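S.K.: One structure coming up, written as structure tokens, with questions to follow.
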Amino acid sequence: TGGNRESGGSPDPPRPRASHRPWGETASAALLRHTRTGAEACFSRGRVSLSKEGSSQTLVFCALSEMGLGDIRPPKHVQQTDLAATLSVGLGLPIPKSSIGSLLFPVVEGKPMREQLRFLHLNTVQLSKLLQENVPSYKKEPGFEQFKVSERLHGNWIRLYLEENNSEVLFNLGTKVRRQYLDALRTLSLSLSRQTAQYDVYSMVVGTVVVLEVLALLLLSVPHALSSEAELEVPLLSPMFSLLFYLVLLVLSALHVIVCTSVDSSCYLCSLSWLTAGGVMVLISALLCAVISAVTKVLASGKLPSKNPAHSSSRWSELDLLILLGTLGHVLSLGASSFIEEEHQTWYFLVNTLCLALCHEMYRNCFLEDSGAPKRCLHAEEEFDRATQAPRGRGTDWDTLEIDKVSTGPSPLEVLRDHERWMVLASPWVILTCCRLLRSLNQTGVQWAHRPDLGHWLTSPDHKAELSALAALSLVMTFVLVQRRCSVASKVAMAFGLLGVYCYRVALGNVLFPWQQDNKDISKGITEARFVYVFVLGILFTGTKDLLKSQVLAADSTVRTVGLWEVHSGLVLLAALLSRPHNLPVLVLSLLVQTIMTQFVWRPLRHSTAEVTVMHYWFGQAFFYFQGNSNSIATVDISAGFVGLDAYMEIPAMFLTAFATYTGPVLWASHLVNFLSSETSSGSSLSHACFCYALICSFPVSAYIILVTSLRYHLFIWSVFSPKLLYEGMHLLITAAICVFFTAMDQTNPKS
């Protein structure tokens with residue numbers, strides 16, 4: 001039946017069939033195997049060179065040629081969606097049911113007419129079924145009508161073919177059927193492409209406008225928010241009584257009515273009630289009037305936002321330029337799919353560059369004068385004299401630094417002992433070493449995710465003893481780094497809680513006790529996990545009690561400081577419970593880097609609140625990827641949501657999964673609150689930090705929403721850009737919760 005009857009030729013050579021697949025191999029696996037074989041043959045014969053333009057397209061057609069489909073010349077332009085259907089037909093495999101591509105006709109052009117029509121019919125039937133599933137009124141579609149006409153003509157051609165008719169009539173009819181099939185394929189594919197790429201543009205534009213208005217208000221509020229009073233005033237009430245507000249509201253309401261009465265497809269905003277939609281229009285109008293009012297005030301005063309509104313004459317330092325350029329560079333990188341897939345490389349680079357910039361700043365302050373001349377070494381007596389001559393109220397003790405004010409006294413680097421000074425100079429290199437070790441622990445992203453890393457080596461069954469030792473050492477180091485500022489009760493609870501974390505992992509069979517050779521009694525560890533939850537809640541309750549107590553005793557700031565640290569310790573214990581055993585070193589090194597930065601960087605160098613906040617944010621983002629996370633949904637550790645639960649509970653599982661995923665940003669934000677509360681005497685530092693944190697988080701999100709809206713027809717919109725948008729949305733919710741915590745702590749600050 002495979003002979004060329006209409007041309008009287010010999011039977012066609014057999015082509016690869018799905019029946020040649022090994023037992024148990026799926027169609028997609030066979031398709032991949034055949035394609036890889038053909039591609040390897042092309043490379044071995046030198047028919048494809050990756051250095052030439054269009055080499056990927058040439059490789060596909062060369063592979064098809066090597067698979068027995070003849071000498072195929074690639075066309076000038078090929079839709080990538082057509083490759084799946086073409087490869088499936090060429091290998092005799094079923095076309096994927098969700099494929100919207102059409103057969104590349106040059107691939108089968110050398111086949112007999114009967115084979116050509118059969119391949120085109122298979123592809124057209126597949127697309128018509130997909131159209132019936134997605135379009136209710138599919139019978140009215142032009143492509144479906146063309147498909148029915150093609151089937152009728154194809155039936156007439158088969159009847160002539162079975163009558164052994166080799167006349168010119170058979171050939172002309174076959175050409176007509178082939179042309180009709182190709183037209184139907186083109187129309188069906190275009191219709192399905194439009195259906196899959198149909199977006200609610202109206203709702204997307206409205207959401208983007210709201211986000212941009214909020215971002216504009218934040219940017220225009222920089223001078224007031226970073227002033228000594230830390231005022232963030234958004235004048236929404238006064239613009240609502242202006243004529244401009246009612247004009248904008250009237251125009252937006254008319255536009256909403258026009259869009260909702262003329263649009264054919266479903267629209268989210270149009271499906272809402274008129275009261276809810278009216279509330280959205282009121283919000284947009286009020287925000288727009290507030291932005292215009294803020295811009296008018298800025299232009300009337302003639303003052304533009306500066307680096308430090310309280311000290312507008314201060315110059316931009318190298319660290320400020322690094323923060324600005326790093327933030328802008330990260331935002332610009334979000335427009336490329338490859339940079340999104342490998343975003344961890346961006347944050348690793350920014351953190352490493354930040355450490356080098358801090359190292360340069362330390363060396364300059366230690367060895368150079370302001371004029372650039374070498375600094376004279378100070379002896380202990382001179383250091384003491386200069387320290388005693390410091391202005392009263394601005395002592396050089398590290399616990400009383402005012403990082404929000406410009407210092408006029410001696411720098412803390414000048415009053416350090418020799419060994420302390422060398423520890424300060426070595427601290428950036430220690431942090432760089434920690435970051436390099438963490439990069440080797442978890443390979444993330446896409447390009448190098450398949451490569452073995454230290455985490456794979458530790459989690460293999462042959463290295464359970466090494467993993468047990470590392471987990472035990474990590475838990476001990478966690479206790480040492482956290483307990484130093486806790487109360488006695490919290491220290492005891494932390495010790496028992498960390499012991500319970502190790503017992504929980506032993507119950508799951510992840511690690512072993514020293515006296516065990518093998519753990520055969522594996523359970524769910526529900527009892528051990530709930531045992532740890534008790535201590536987590538106890539530590540959090542103790543910290544909250546101290547914070548409430550500090551409101552009553554407004555003069556005692558020590559109680560508030562201890563309470564904040566105990567809340568931070570409770571979050572650390574919860575993170576240790578939810579982290580996998582091989583990720584416990586990430587938690588330990590995070591605490592170690594926080595300690596080093598506090599003792600040897602932020603205190604001696606007296607950075608401003610904005611700089612300290614941005615550095616906390618950068619390190620939080622870097623540790624998000626050090627955990628093994630990425631911008632792919634596949635890296636979310638769902639098992640963390642079931643720790644200590646014997647059944648699925650939606651709210652606890654959601655909270656635990658979110659906390660386990662964003663452990664890095666949350667712990668660094670919590671440490672920022674502790675640092676600013678204990679190290680500064682300025683009552684507005686927490687307000688400054690809250691504003692800076694909200695601004696640096698909202699700027700990338702706003703830019704990314706615009707990029708995603710403009711790139712909604714990108715090939716990787718669902719596989720790369722959409723998961724990243726989900727991550728950014730969740731990160732924005734967590735940032736909002738962090739800002740609420742900042743505001744609550746600022747209200748209870750006795751210094752404010």
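Please note that chains go A, B, ... in the order of the structure tokens, that every chain numbers its residues from 1, and that ligands are numbered from 1 in the order shown.
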Which polymer residues have any atom within 8 Å of an atom of region 576-580 of chain A, counting only C-alpha atoms, with same-chain residues fewer than 5 positions away left out, as a PDB file with N, CA, C and O atoms, in the first residue's frame?
M.R.:
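Ended up saving to result33.pdb:
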ATOM      1  N   LEU A 475      23.363  22.752  63.747  1.00  0.00           N
ATOM      2  CA  LEU A 475      22.416  23.073  64.815  1.00  0.00           C
ATOM      3  C   LEU A 475      23.132  23.629  66.040  1.00  0.00           C
ATOM      4  O   LEU A 475      22.631  24.559  66.695  1.00  0.00           O
ATOM      5  N   LEU A 498      16.172  22.909  69.038  1.00  0.00           N
ATOM      6  CA  LEU A 498      17.150  22.436  68.056  1.00  0.00           C
ATOM      7  C   LEU A 498      17.410  20.940  68.210  1.00  0.00           C
ATOM      8  O   LEU A 498      17.627  20.232  67.214  1.00  0.00           O
ATOM      9  N   VAL A 501      14.646  19.314  66.457  1.00  0.00           N
ATOM     10  CA  VAL A 501      14.821  19.356  65.003  1.00  0.00           C
ATOM     11  C   VAL A 501      15.648  18.166  64.536  1.00  0.00           C
ATOM     12  O   VAL A 501      15.313  17.500  63.540  1.00  0.00           O
ATOM     13  N   ALA A 529       8.054  16.939  65.370  1.00  0.00           N
ATOM     14  CA  ALA A 529       7.840  18.265  64.793  1.00  0.00           C
ATOM     15  C   ALA A 529       6.927  19.111  65.682  1.00  0.00           C
ATOM     16  O   ALA A 529       7.191  20.309  65.890  1.00  0.00           O
ATOM     17  N   VAL A 532       8.791  20.557  68.511  1.00  0.00           N
ATOM     18  CA  VAL A 532       9.537  21.773  68.156  1.00  0.00           C
ATOM     19  C   VAL A 532       8.594  22.962  68.029  1.00  0.00           C
ATOM     20  O   VAL A 532       8.934  24.091  68.436  1.00  0.00           O
ATOM     21  N   LEU A 587      21.471  28.217  56.735  1.00  0.00           N
ATOM     22  CA  LEU A 587      20.958  28.973  57.874  1.00  0.00           C
ATOM     23  C   LEU A 587      22.093  29.435  58.776  1.00  0.00           C
ATOM     24  O   LEU A 587      22.118  30.592  59.229  1.00  0.00           O
ATOM     25  N   ALA A 640       7.639  21.112  52.964  1.00  0.00           N
ATOM     26  CA  ALA A 640       7.714  21.946  54.167  1.00  0.00           C
ATOM     27  C   ALA A 640       6.328  22.298  54.691  1.00  0.00           C
ATOM     28  O   ALA A 640       6.163  22.551  55.894  1.00  0.00           O
ATOM     29  N   VAL A 643       5.050  19.573  57.454  1.00  0.00           N
ATOM     30  CA  VAL A 643       5.858  19.234  58.622  1.00  0.00           C
ATOM     31  C   VAL A 643       4.986  19.323  59.873  1.00  0.00           C
ATOM     32  O   VAL A 643       4.428  20.379  60.184  1.00  0.00           O
ATOM     33  N   LEU A 656       3.477  27.646  56.078  1.00  0.00           N
ATOM     34  CA  LEU A 656       4.759  26.962  56.230  1.00  0.00           C
ATOM     35  C   LEU A 656       5.524  26.916  54.911  1.00  0.00           C
ATOM     36  O   LEU A 656       6.746  27.103  54.883  1.00  0.00           O
ATOM     37  N   ALA A 660       9.102  28.698  54.398  1.00  0.00           N
ATOM     38  CA  ALA A 660      10.262  27.900  54.011  1.00  0.00           C
ATOM     39  C   ALA A 660      10.884  28.398  52.717  1.00  0.00           C
ATOM     40  O   ALA A 660      12.102  28.344  52.544  1.00  0.00           O
TER      41      ALA A 660
END
S.K.: Which neighbours of Leu591 (chain A) fall inside 10 Å, counting only C-alpha atoms, when residues of the same chain fewer than 4 positions from it are skipped, and could you give them as a count of residues only?
M.R.: 14
S.K.: For region 446-459 of chain A, work out the shell of residues within 12 Å, counting only C-alpha atoms and skipping chain neighbours fewer than 3 positions away, then give it as a VMD selection string.
M.R.: chain A and resid 337 to 345 437 to 443 462 to 471 509 to 511 580 to 586 626 to 632 634 to 635 719 to 720
S.K.: Work out how far apart CA of Cys434 (chain A) and CA of Leu589 (chain A) are and give it in Å to one decimal.
M.R.: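 Straight-line distance from CA of Cys434 (chain A) to CA of Leu589 (chain A) works out to 6.6 Å.
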S.K.: In Å to one decimal, how far is CA of Leu571 (chain A) from CA of Asp546 (chain A)?
M.R.: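 A separation of 16.1 Å between them.
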S.K.: Do a neighbour search on Ala658 (chain A) at 10 Å with only C-alpha atoms, toss out local chain neighbours closer than 4 positions, and write the hits as number ranges by chain.
M.R.: A: 636-638, 640-641, 652-654, 662-663, 730-731, 734
S.K.: Rank A:Ser677, A:Asn123, A:Thr353, A:Ser285 by their smallest atom-to-atom distance to Met615 (chain A), using only C-alpha atoms, and report the top residue only.
M.R.: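 Under the stated criterion, the closest residue is A:Thr353.
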S.K.: Using only C-alpha atoms, can you tell me which of A:Ser271, A:Val331, A:Leu283, A:Met113 comes closest to Asn172 (chain A)?
M.R.: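 Smallest distance to Asn172 (chain A) is found for A:Met113.
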S.K.: Which residue, A:Ala744, A:Ala669, A:Leu725, A:Leu93, has the smallest gap to Gln551 (chain A) when you use only C-alpha atoms?
M.R.: A:Ala744
S.K.: So, with only C-alpha atoms as the atoms that count, which of A:Gln116, A:Leu287, A:Ser253, A:Gln198 lies closest to Trp274 (chain A)?
M.R.: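 Of A:Gln116, A:Leu287, A:Ser253, A:Gln198, the one nearest Trp274 (chain A) is A:Ser253, counting only C-alpha atoms.
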S.K.: What is the CA of Ser317 (chain A)-CA of Phe742 (chain A) distance in Å, reported with one decimal?
M.R.: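 Interatomic distance here is 27.1 Å.
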S.K.: With only C-alpha atoms as the counted atoms, please give the residues lying no more than 7 Å from Val536 (chain A), apart from itself and same-chain residues fewer than 4 positions off, as a list in words.
M.R.: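 What passes the distance filter is Val532, Leu540, Gly570, Leu573 and Leu574 of chain A.
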S.K.: Ranking A:Arg484, A:Lys297, A:Lys139, A:Arg436 by minimum distance to Val351 (chain A) and counting only C-alpha atoms, which one comes first?
M.R.: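 Nearest candidate to Val351 (chain A) out of A:Arg484, A:Lys297, A:Lys139, A:Arg436: A:Arg436.
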